[in-house]
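Chemist: Have a peek at structure.txt (compact mmCIF, C-alpha atoms).
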```
# COMPACT_ATOMS: atom_id res chain seq x y z
CA MET A 1 66.55 111.13 19.80
CA ILE A 2 69.31 108.59 19.04
CA THR A 3 72.61 110.03 17.91
CA VAL A 4 74.54 107.50 15.84
CA PRO A 5 78.27 108.14 15.21
CA LYS A 6 78.75 108.89 11.52
CA ASP A 7 81.59 106.42 11.03
CA PHE A 8 79.53 103.58 12.46
CA LEU A 9 76.49 104.44 10.35
CA ALA A 10 78.59 104.76 7.20
CA LYS A 11 80.30 101.45 7.85
CA TRP A 12 77.01 99.68 8.47
CA LYS A 13 75.47 101.06 5.27
CA ASN A 14 78.52 100.43 3.11
CA GLU A 15 79.26 96.87 4.19
CA PRO A 16 78.61 94.20 1.50
CA SER A 17 75.32 92.36 1.83
CA GLU A 18 77.19 89.19 2.87
CA LYS A 19 78.50 91.01 5.91
CA LYS A 20 75.08 92.27 6.89
CA LEU A 21 73.86 88.69 6.94
CA ALA A 22 76.23 88.11 9.84
CA PHE A 23 73.33 89.25 11.99
CA SER A 24 70.77 86.98 10.30
CA ARG A 25 69.30 84.00 12.12
CA SER A 26 70.51 81.42 9.59
CA GLU A 27 74.13 82.62 9.81
CA ARG A 28 73.92 82.73 13.59
CA ARG A 29 72.75 79.12 13.74
CA HIS A 30 75.54 78.02 11.41
CA ARG A 31 78.27 79.67 13.43
CA HIS A 32 76.88 78.54 16.79
CA SER A 33 76.51 74.92 15.66
CA ARG A 34 80.21 74.22 16.21
CA ASP A 35 79.93 74.94 19.92
CA ARG A 36 76.43 73.78 20.73
CA SER A 37 77.44 70.37 22.02
CA ALA A 38 79.61 72.00 24.67
CA THR A 39 76.80 74.19 25.91
CA ALA A 40 73.79 71.91 25.48
CA ASP A 41 73.32 71.51 29.21
CA SER A 42 73.55 75.27 29.79
CA LEU A 43 71.24 76.64 27.12
CA LYS A 44 69.04 74.40 25.00
CA PHE A 45 67.81 75.26 21.52
CA THR A 46 64.61 73.40 20.65
CA LYS A 47 64.40 71.44 17.42
CA VAL A 48 61.38 72.21 15.27
CA ASP A 49 60.16 68.60 15.58
CA ASP A 50 60.22 68.87 19.39
CA PHE A 51 58.43 72.21 19.52
CA ARG A 52 55.47 72.37 21.88
CA ARG A 53 53.33 75.27 23.06
CA CYS A 54 51.33 75.52 26.27
CA SER A 55 47.65 74.71 25.74
CA ARG A 56 46.62 77.71 27.85
CA CYS A 57 49.19 80.47 27.19
CA VAL A 58 51.82 80.96 24.45
CA LEU A 59 55.00 79.94 26.27
CA ASP A 60 56.70 77.04 24.54
CA THR A 61 59.70 74.75 24.49
CA THR A 62 62.08 77.57 23.59
CA VAL A 63 61.97 77.91 27.42
CA SER A 64 64.44 75.20 28.46
CA ASP A 65 63.12 74.82 32.02
CA ILE A 66 59.44 74.55 31.03
CA TRP A 67 57.27 71.51 31.81
CA PHE A 68 53.68 70.62 30.98
CA ASP A 69 51.01 68.68 32.85
CA ASP A 70 48.81 66.01 31.26
CA ALA A 71 46.52 68.71 29.88
CA GLY A 72 49.44 70.53 28.25
CA ILE A 73 49.39 73.43 30.73
CA CYS A 74 52.83 74.83 31.52
CA LYS A 75 54.77 75.48 34.70
CA TYR A 76 54.33 79.24 34.44
CA CYS A 77 50.55 78.99 34.26
CA TYR A 78 50.73 77.14 37.57
CA ILE A 79 52.82 79.97 39.03
CA HIS A 80 50.21 82.45 37.78
CA ASP A 81 47.38 80.46 39.39
CA GLU A 82 49.24 80.35 42.71
CA MET A 83 49.71 84.12 42.57
CA GLU A 84 45.99 84.53 41.80
CA ARG A 85 45.21 82.37 44.83
CA LEU A 86 47.39 84.60 46.99
CA HIS A 87 45.95 87.79 45.51
CA PRO A 88 42.33 87.02 44.52
CA LEU A 89 40.48 89.82 42.75
CA LYS A 90 37.40 89.24 44.89
CA ASN A 91 39.36 90.32 47.98
CA MET A 92 41.50 92.96 46.31
CA GLU A 93 39.87 96.04 47.88
CA GLU A 94 40.07 94.61 51.38
CA ASP A 95 43.66 93.40 50.90
CA LEU A 96 44.73 96.71 49.38
CA GLN A 97 43.32 98.76 52.26
CA ARG A 98 45.00 96.47 54.77
CA ILE A 99 48.43 96.88 53.20
CA VAL A 100 47.96 100.65 52.83
CA LYS A 101 47.01 100.91 56.50
CA ARG A 102 50.13 98.96 57.43
CA ILE A 103 52.36 101.24 55.34
CA LYS A 104 50.84 104.40 56.83
CA LYS A 105 51.27 103.08 60.36
CA ALA A 106 54.94 102.19 59.78
CA GLY A 107 55.62 105.61 58.26
CA ARG A 108 53.86 107.70 60.89
CA ASN A 109 55.80 110.87 61.83
CA LYS A 110 58.22 110.33 58.95
CA THR A 111 58.63 112.45 55.82
CA TYR A 112 57.99 109.43 53.59
CA ASP A 113 56.15 106.18 54.28
CA CYS A 114 57.29 104.27 51.20
CA ILE A 115 59.65 104.28 48.24
CA VAL A 116 58.67 103.86 44.59
CA GLY A 117 61.31 103.11 42.00
CA VAL A 118 60.49 105.00 38.80
CA SER A 119 61.80 104.36 35.30
CA GLY A 120 59.31 106.37 33.22
CA GLY A 121 57.47 103.23 32.15
CA ARG A 122 53.80 102.43 32.56
CA ASP A 123 54.06 100.18 35.61
CA SER A 124 56.32 102.33 37.76
CA ILE A 125 54.52 105.59 36.97
CA TYR A 126 51.13 104.06 37.67
CA THR A 127 52.44 102.62 40.95
CA LEU A 128 53.47 106.16 41.93
CA PHE A 129 50.09 107.50 40.80
CA LEU A 130 48.23 104.82 42.75
CA ALA A 131 50.31 105.40 45.88
CA ARG A 132 49.36 109.09 45.92
CA LYS A 133 45.73 108.25 45.18
CA LEU A 134 45.70 105.97 48.23
CA GLY A 135 47.04 108.75 50.43
CA LEU A 136 50.60 107.48 50.76
CA ARG A 137 53.67 109.71 50.94
CA PRO A 138 56.19 108.12 48.57
CA LEU A 139 59.74 109.10 47.76
CA ALA A 140 60.38 108.46 44.06
CA VAL A 141 63.80 106.95 43.34
CA TYR A 142 65.31 106.96 39.87
CA PHE A 143 68.45 104.99 38.99
CA ASP A 144 70.08 106.64 35.98
CA ASN A 145 72.38 104.23 34.14
CA GLY A 146 72.84 106.61 31.21
CA TRP A 147 70.60 104.76 28.73
CA ASN A 148 67.08 106.06 29.37
CA THR A 149 65.21 107.77 26.53
CA GLU A 150 64.11 111.40 26.66
CA ILE A 151 60.49 110.19 26.72
CA ALA A 152 61.11 108.17 29.89
CA VAL A 153 62.91 111.02 31.65
CA SER A 154 60.10 113.40 30.67
CA ASN A 155 57.49 110.94 32.02
CA ILE A 156 59.30 110.86 35.37
CA ARG A 157 59.59 114.62 35.58
CA LYS A 158 55.92 115.24 34.71
CA ALA A 159 54.66 112.57 37.12
CA THR A 160 56.71 113.72 40.11
CA ASP A 161 55.84 117.39 39.48
CA LEU A 162 52.10 116.85 39.04
CA LEU A 163 51.84 114.40 41.93
CA ARG A 164 54.05 116.59 44.13
CA VAL A 165 56.46 113.80 44.93
CA ASP A 166 60.11 114.31 45.82
CA LEU A 167 62.53 112.66 43.41
CA HIS A 168 65.83 111.13 44.48
CA THR A 169 68.15 110.34 41.56
CA VAL A 170 71.07 107.94 41.85
CA LEU A 171 73.51 108.45 38.99
CA ALA A 172 75.69 105.49 38.07
CA ASP A 173 79.21 106.10 36.84
CA LEU A 174 78.69 105.60 33.09
CA GLU A 175 82.08 104.04 32.34
CA GLU A 176 81.82 101.78 35.35
CA PHE A 177 78.34 100.63 34.38
CA LYS A 178 79.27 100.07 30.74
CA ASP A 179 82.12 97.85 31.92
CA LEU A 180 79.58 95.73 33.80
CA GLN A 181 77.31 95.57 30.74
CA ARG A 182 80.25 94.60 28.50
CA ALA A 183 81.17 91.86 30.98
CA PHE A 184 77.74 90.24 30.67
CA LEU A 185 77.83 90.48 26.89
CA LYS A 186 81.26 88.82 26.87
CA ALA A 187 79.93 86.14 29.20
CA SER A 188 77.43 85.32 26.42
CA VAL A 189 74.47 84.78 28.76
CA PRO A 190 70.82 85.76 28.14
CA ASP A 191 70.90 87.82 31.34
CA ALA A 192 72.81 90.79 29.93
CA ASP A 193 70.19 93.29 31.15
CA ILE A 194 70.14 92.20 34.79
CA PRO A 195 72.88 94.63 35.92
CA THR A 196 70.32 97.44 35.52
CA VAL A 197 67.46 95.53 37.16
CA TYR A 198 69.60 94.36 40.06
CA ALA A 199 71.20 97.77 40.53
CA ILE A 200 67.72 99.30 40.83
CA HIS A 201 66.78 96.77 43.53
CA SER A 202 70.03 97.45 45.39
CA VAL A 203 69.56 101.22 45.22
CA LEU A 204 65.96 101.01 46.45
CA TYR A 205 66.88 98.91 49.49
CA GLU A 206 69.90 101.06 50.31
CA THR A 207 67.86 104.27 50.04
CA ALA A 208 65.07 102.82 52.18
CA ALA A 209 67.58 101.82 54.87
CA LYS A 210 69.22 105.26 54.90
CA GLN A 211 65.86 107.08 55.01
CA GLY A 212 64.35 104.75 57.62
CA ILE A 213 61.53 103.76 55.25
CA GLY A 214 59.95 100.36 55.77
CA TYR A 215 58.23 99.72 52.44
CA ILE A 216 59.32 99.57 48.81
CA LEU A 217 56.49 99.61 46.28
CA HIS A 218 57.37 97.51 43.25
CA GLY A 219 55.74 98.22 39.86
CA HIS A 220 55.39 94.63 38.64
CA SER A 221 52.11 92.88 37.83
CA PHE A 222 52.00 89.14 37.23
CA ARG A 223 48.68 89.68 35.45
CA THR A 224 50.26 91.79 32.68
CA GLU A 225 53.97 90.87 32.75
CA GLY A 226 53.95 87.29 33.97
CA THR A 227 57.00 85.59 35.43
CA SER A 228 60.12 85.51 33.28
CA PRO A 229 61.46 81.94 32.98
CA ILE A 230 64.55 81.34 35.08
CA SER A 231 66.40 80.12 31.98
CA TRP A 232 65.63 83.47 30.33
CA THR A 233 66.29 85.77 33.27
CA TYR A 234 68.30 84.89 36.36
CA MET A 235 69.89 87.32 38.78
CA ASP A 236 71.59 87.48 42.14
CA GLY A 237 74.51 89.42 43.55
CA ARG A 238 76.94 86.51 43.51
CA TYR A 239 76.23 85.88 39.82
CA ILE A 240 76.80 89.53 38.91
CA LYS A 241 80.08 89.72 40.83
CA ASN A 242 81.35 86.45 39.34
CA VAL A 243 80.63 87.59 35.78
CA HIS A 244 82.24 90.96 36.39
CA ARG A 245 85.30 89.36 38.00
CA ARG A 246 85.81 87.09 35.00
CA PHE A 247 84.99 89.48 32.15
CA GLY A 248 85.06 93.01 33.57
CA SER A 249 87.70 95.27 35.04
CA GLY A 250 88.02 97.65 37.96
CA VAL A 251 85.72 97.97 40.95
CA ILE A 252 82.05 99.00 41.08
CA ARG A 253 81.80 101.98 43.41
CA SER A 254 78.89 104.16 42.24
CA PHE A 255 76.26 101.73 43.55
CA LYS A 256 76.18 98.68 45.79
CA ILE A 257 75.59 95.18 44.43
CA MET A 258 73.29 93.63 47.00
CA MET A 259 74.75 90.32 48.16
CA LEU A 260 72.73 87.82 50.19
CA PRO A 261 73.95 89.13 53.60
CA TYR A 262 72.73 92.63 52.62
CA LEU A 263 69.30 91.29 51.64
CA LEU A 264 69.02 89.38 54.92
CA TYR A 265 70.09 92.49 56.86
CA TYR A 266 67.61 94.75 55.08
CA SER A 267 64.77 92.22 55.40
CA PHE A 268 65.24 90.92 58.95
CA VAL A 269 67.12 93.68 60.78
CA LYS A 270 65.92 96.84 59.05
CA ARG A 271 62.53 95.15 58.41
CA ILE A 272 62.16 96.56 54.89
CA ARG A 273 59.30 94.97 52.99
CA GLU A 274 58.71 94.87 49.25
CA VAL A 275 55.09 95.26 48.14
CA ARG A 276 53.93 94.69 44.57
CA LEU A 277 51.06 97.15 44.74
CA LEU A 278 49.69 96.25 41.31
CA GLU A 279 48.95 92.72 42.53
CA TYR A 280 46.17 94.18 44.67
CA ILE A 281 44.23 95.74 41.80
CA ASP A 282 42.56 94.67 38.56
CA TYR A 283 45.36 96.03 36.40
CA ASN A 284 44.48 96.62 32.76
CA LYS A 285 47.17 98.05 30.49
CA ASN A 286 44.89 99.86 28.04
CA LYS A 287 42.88 101.54 30.79
CA VAL A 288 46.04 102.52 32.65
CA ASP A 289 47.53 104.09 29.50
CA GLU A 290 44.44 106.27 29.14
CA ILE A 291 44.54 107.35 32.80
CA LEU A 292 48.24 108.21 32.75
CA ALA A 293 48.01 110.09 29.46
CA HIS A 294 45.02 112.12 30.68
CA ASP A 295 46.16 112.86 34.23
CA LEU A 296 49.95 113.01 33.93
CA GLY A 297 50.67 113.61 30.24
CA TRP A 298 52.43 110.24 30.13
CA VAL A 299 53.72 109.16 26.70
CA TYR A 300 54.19 105.56 25.51
CA TYR A 301 57.71 104.71 24.34
CA GLY A 302 56.84 102.14 21.66
CA GLY A 303 57.56 98.70 23.11
CA TYR A 304 57.96 96.43 26.13
CA HIS A 305 60.66 98.11 28.30
CA HIS A 306 61.79 100.21 25.31
CA LYS A 307 62.01 103.25 27.56
CA ASN A 308 65.66 102.27 28.02
CA LEU A 309 67.80 102.09 24.88
CA TYR A 310 70.06 99.33 26.16
CA THR A 311 67.03 97.21 27.08
CA LYS A 312 65.54 97.92 23.66
CA PHE A 313 68.76 96.73 21.98
CA PHE A 314 68.91 93.71 24.27
CA GLN A 315 65.29 92.54 24.02
CA SER A 316 64.49 93.33 20.40
CA PHE A 317 67.82 92.33 18.84
CA LEU A 318 70.19 90.31 21.03
CA LEU A 319 67.77 87.90 22.72
CA PRO A 320 65.78 86.81 19.62
CA ASN A 321 68.76 86.62 17.26
CA LYS A 322 71.40 85.05 19.48
CA PHE A 323 69.42 83.11 22.10
CA ASN A 324 66.11 82.41 20.32
CA ILE A 325 64.31 84.17 23.19
CA ASP A 326 61.25 86.29 22.43
CA LYS A 327 60.15 88.07 25.61
CA ARG A 328 56.89 89.10 24.00
CA LYS A 329 55.77 85.57 24.86
CA THR A 330 56.02 86.26 28.59
CA GLU A 331 53.88 89.39 28.46
CA LEU A 332 51.38 87.97 25.96
CA SER A 333 51.00 84.82 28.08
CA ALA A 334 50.25 86.95 31.13
CA LEU A 335 47.61 88.91 29.21
CA VAL A 336 46.04 85.66 27.99
CA ARG A 337 45.89 84.21 31.51
CA SER A 338 44.33 87.39 32.90
CA GLY A 339 41.73 87.55 30.11
CA GLN A 340 43.01 90.76 28.50
CA LYS A 341 43.85 88.96 25.25
CA THR A 342 42.79 85.67 23.68
CA ARG A 343 45.32 82.92 23.07
CA GLU A 344 44.51 83.06 19.36
CA GLU A 345 45.24 86.81 19.27
CA ALA A 346 48.54 86.29 21.06
CA ILE A 347 49.63 83.49 18.71
CA ALA A 348 48.66 85.59 15.69
CA GLU A 349 50.73 88.50 17.01
CA LEU A 350 53.77 86.29 17.46
CA GLU A 351 53.44 84.58 14.10
CA ALA A 352 52.73 87.80 12.19
CA SER A 353 56.38 88.84 12.43
CA ALA A 354 59.57 88.29 14.34
CA TYR A 355 60.51 90.73 17.09
CA GLN A 356 61.34 93.88 15.13
CA TYR A 357 64.50 95.80 16.00
CA ASP A 358 65.83 99.21 15.02
CA ARG A 359 69.22 98.91 13.31
CA SER A 360 70.22 102.39 14.46
CA VAL A 361 69.67 101.37 18.09
CA VAL A 362 72.02 98.40 17.62
CA ILE A 363 74.71 100.65 16.15
CA TYR A 364 74.17 103.22 18.89
CA ALA A 365 74.50 100.58 21.64
CA VAL A 366 77.66 99.06 20.14
CA ALA A 367 79.24 102.50 19.79
CA LYS A 368 78.26 103.62 23.27
CA LEU A 369 79.70 100.43 24.75
CA GLY A 370 83.00 101.42 23.13
CA TRP A 371 83.30 98.62 20.59
CA THR A 372 83.94 98.62 16.87
CA LEU A 373 81.62 96.48 14.77
CA GLU A 374 84.40 93.87 14.41
CA GLU A 375 84.87 93.70 18.19
CA TRP A 376 81.12 93.42 18.67
CA GLU A 377 80.84 90.56 16.17
CA ARG A 378 83.51 88.61 18.06
CA VAL A 379 81.46 89.01 21.23
CA TYR A 380 78.17 88.30 19.47
CA TYR A 381 79.34 84.99 18.00
CA ARG A 382 80.59 83.54 21.25
CA ALA A 383 78.77 80.31 22.10
CA PRO A 384 75.71 80.87 24.31
CA ARG A 385 76.04 80.11 28.00
CA SER A 386 73.75 80.39 31.03
CA HIS A 387 73.83 81.25 34.73
CA LYS A 388 74.65 77.58 35.37
CA ASP A 389 78.16 78.25 34.07
CA PHE A 390 78.84 80.79 36.84
CA LYS A 391 78.76 81.00 40.63
CA THR A 392 75.28 81.89 41.90
CA TYR A 393 73.24 81.67 45.07
CA LEU A 394 70.76 79.29 43.37
CA PRO A 395 72.04 76.05 44.99
CA LEU A 396 71.85 77.73 48.41
CA ILE A 397 68.38 79.15 47.69
CA ARG A 398 67.09 75.68 46.82
CA LEU A 399 68.76 74.19 49.88
CA LEU A 400 66.96 76.80 52.02
CA ARG A 401 63.60 76.45 50.29
CA LEU A 402 61.72 75.68 53.53
CA PRO A 403 62.85 78.78 55.50
CA ILE A 404 62.32 80.87 52.35
CA TRP A 405 58.78 79.49 52.09
CA VAL A 406 58.16 80.44 55.73
CA ALA A 407 59.56 83.96 55.15
CA CYS A 408 57.26 84.34 52.16
CA LYS A 409 54.27 83.15 54.18
CA LEU A 410 55.11 85.76 56.84
CA ARG A 411 55.34 88.41 54.07
CA ILE A 412 58.99 89.07 54.87
CA LEU A 413 60.00 88.13 51.31
CA PRO A 414 57.92 88.33 48.09
CA HIS A 415 56.20 85.00 47.43
CA ILE A 416 57.33 85.01 43.81
CA LEU A 417 60.89 84.53 45.12
CA TYR A 418 59.92 81.07 46.37
CA LEU A 419 57.80 80.16 43.32
CA LYS A 420 60.45 81.11 40.77
CA TYR A 421 63.70 80.17 42.45
CA ALA A 422 63.06 77.74 45.29
CA SER A 423 60.06 75.59 44.33
```
Would you mind writing the file's structure down as structure tokens?

Modeler:
Amino acid sequence: MITVPKDFLAKWKNEPSEKKLAFSRSERRHRHSRDRSATADSLKFTKVDDFRRCSRCVLDTTVSDIWFDDAGICKYCYIHDEMERLHPLKNMEEDLQRIVKRIKKAGRNKTYDCIVGVSGGRDSIYTLFLARKLGLRPLAVYFDNGWNTEIAVSNIRKATDLLRVDLHTVLADLEEFKDLQRAFLKASVPDADIPTVYAIHSVLYETAAKQGIGYILHGHSFRTEGTSPISWTYMDGRYIKNVHRRFGSGVIRSFKIMMLPYLLYYSFVKRIREVRLLEYIDYNKNKVDEILAHDLGWVYYGGYHHKNLYTKFFQSFLLPNKFNIDKRKTELSALVRSGQKTREEAIAELEASAYQYDRSVVIYAVAKLGWTLEEWERVYYRAPRSHKDFKTYLPLIRLLRLPIWVACKLRILPHILYLKYAS
């Protein structure tokens, strides 16, 4: 249940209608127009006349880094096809057994043979379920940033209890983490949710290293989630530290931000491997929901990544209204490519209505971040920027694309790292 401070709720309800329109798309466009020329190279807004949609999926020119071939098929469909080539369904059983055998061998005589990061969502809970079904001995790791819903926490508790899996919880310092989140909102980039995602990755690798565990099972499926465009979601440790240095305060102590040397150490010295287990199965969302509900009492939380209230605020309100980014397109495109939805159905879903947001969640997020509505509006109306305006590892990654490609071929690094960032 969301608890909204009474003064915030009263202020929101009692504001004149003109003030409420401050969050409307037309007002946003008007106020951003003054600064667009200065940020055109960083974050592009597509004119209606230039709008184009992929002929195969539903990604379109609101993605600034998209390109199309002569048949109108987009860059991200090509990434999907390369992932399908690497993980063909016809070989999935054989490939799955091979990777499971490798994990069991590496974890012999240890308490755990793999780690599964759990958030309470469909993908992570099913990854945990599948790991136990395959005879693996996972340690479930939960990073608590203070924003998860009661439904998500309940899903984690029920799954770990029923599957008899030990749960290791890493609790972030709430004030410290909110400072990092505020820094990304002040930076005015569409990557304001990556502190959580990157912190989870850092915690998983650090826990694996401490426990002597060689495999991290990742709950991502390119067949149902797709690949988020780099202009919509970019993350690396240097980027996070640069944003925090410029817009945050204090020092992050409750968890480690994994810089490139740490990743190289974990990957090449500690020999920790990341496995996206769901890439080795025919993953169907509707079927999985039924299995999890029946076997684990799992409950759906109402939207893509809405198990976390900050992510719900970010994806349903901030991205569509400030950056013209609708992340439903990524998931729907993946479902179209994998045959779980038709392109016509996906387009109809997008055009039926804009991404709906819950006003109370917006108020709750603003209040929890420690801002008044006036302070939030000043942050909200800052001109959009992108990762290109900050220090990142991206130039180095692209310079090292050949050794990264080799590391991906040797299964030292996930192949999607090369396809998304280095290719």

Chemist: Tell me, as a PDB file with C-alpha atoms, keeping the file's coordinate frame, which residues lie within 8 Å of segment 133-140 of chain A, counting only C-alpha atoms; anything in the same chain fewer than 4 positions away does not count.

Modeler:
```
ATOM      1  CA  VAL A 100      47.960 100.650  52.830  1.00  0.00           C
ATOM      2  CA  ILE A 103      52.360 101.240  55.340  1.00  0.00           C
ATOM      3  CA  LYS A 104      50.840 104.400  56.830  1.00  0.00           C
ATOM      4  CA  THR A 111      58.630 112.450  55.820  1.00  0.00           C
ATOM      5  CA  TYR A 112      57.990 109.430  53.590  1.00  0.00           C
ATOM      6  CA  ASP A 113      56.150 106.180  54.280  1.00  0.00           C
ATOM      7  CA  CYS A 114      57.290 104.270  51.200  1.00  0.00           C
ATOM      8  CA  ILE A 115      59.650 104.280  48.240  1.00  0.00           C
ATOM      9  CA  VAL A 116      58.670 103.860  44.590  1.00  0.00           C
ATOM     10  CA  GLY A 117      61.310 103.110  42.000  1.00  0.00           C
ATOM     11  CA  VAL A 118      60.490 105.000  38.800  1.00  0.00           C
ATOM     12  CA  LEU A 128      53.470 106.160  41.930  1.00  0.00           C
ATOM     13  CA  PHE A 129      50.090 107.500  40.800  1.00  0.00           C
ATOM     14  CA  THR A 160      56.710 113.720  40.110  1.00  0.00           C
ATOM     15  CA  VAL A 165      56.460 113.800  44.930  1.00  0.00           C
ATOM     16  CA  ASP A 166      60.110 114.310  45.820  1.00  0.00           C
ATOM     17  CA  LEU A 167      62.530 112.660  43.410  1.00  0.00           C
ATOM     18  CA  HIS A 168      65.830 111.130  44.480  1.00  0.00           C
TER      19      HIS A 168
END
```

Chemist: If I put a ball of radius 7 Å at (52.4, 101.0, 40.8) in the file's coordinates, which residues poke into it when counting only C-alpha atoms, written as a list in words?

Modeler: Asp123, Ser124, Ile125, Tyr126, Thr127, Leu128, Phe129, Leu130, Leu217, His218, Gly219, Leu277 and Leu278 of chain A

Chemist: When distances are computed from all atoms listed in the file, which of A:Asp179, A:Glu93, A:Glu290, A:Glu351 shows the smallest separation from Trp371 of chain A?

Modeler: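 Closest to Trp371 of chain A, using all atoms listed in the file: A:Asp179.
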
Chemist: What lies within 8 Å of Arg122 of chain A using only C-alpha atoms, ignoring chain neighbours under 5 positions off, as a PyMOL selection string?

Modeler: chain A and resi 288-289+300

Chemist: Using C-alpha atoms, can you export the residues from the last selection as a PDB file, in the frame of the given file?

Modeler:
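Once written, out.pdb looks like this:
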```pdb
ATOM      1  CA  VAL A 288      46.040 102.520  32.650  1.00  0.00           C
ATOM      2  CA  ASP A 289      47.530 104.090  29.500  1.00  0.00           C
ATOM      3  CA  TYR A 300      54.190 105.560  25.510  1.00  0.00           C
TER       4      TYR A 300
END
```

Chemist: At what distance in Å, to one decimal, does atom CA of Ser231 of chain A lie from atom CA of Ser64 of chain A?

Modeler: 6.4 Å

Chemist: Just to confirm, what's the straight-line distance from atom CA of Tyr393 of chain A to atom CA of Tyr198 of chain A in Å (one decimal)?

Modeler: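 Those two atoms sit 14.1 Å apart.
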
Chemist: Pick out the closest residue to His244 of chain A from this set: A:His294, A:Arg271, A:Lys210, A:Lys178. Count all atoms listed in the file.

Modeler: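 Once distances to His244 of chain A are computed over all atoms listed in the file, the minimum belongs to A:Lys178.
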
Chemist: For Ile397 of chain A, list every protein, DNA or RNA residue within 8 Å, evaluated using all atoms listed in the file, and leave out those in the same chain fewer than 5 positions away; present the list as a list in words.

Modeler: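 After dropping sequence-adjacent residues, the list is Ile404, Tyr421 and Ala422 of chain A.
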
Chemist: Which residue out of A:Tyr266, A:Glu274, A:Ser254, A:Leu96 has the minimum interatomic distance to His415 of chain A when all atoms listed in the file are used?

Modeler: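 Result for the nearest residue to His415 of chain A: A:Glu274.
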
Chemist: When you count only C-alpha atoms, which of these residues is closest to Ala354 of chain A: A:Ala187, A:Ile252, A:Ile325, A:Leu89?

Modeler: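 Counting only C-alpha atoms, the residue closest to Ala354 of chain A is A:Ile325.
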
Chemist: Report the distance between atom CA of Arg182 of chain A and atom CA of Gly370 of chain A in Å, rounded to one decimal place.

Modeler: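 Between atom CA of Arg182 of chain A and atom CA of Gly370 of chain A the gap works out to 9.1 Å.
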
Chemist: Select, from A:Ser119, A:Thr311, A:Thr149, A:Asn321, the residue with the minimum atom-to-atom distance to Pro195 of chain A, counting all atoms listed in the file.

Modeler: A:Thr311
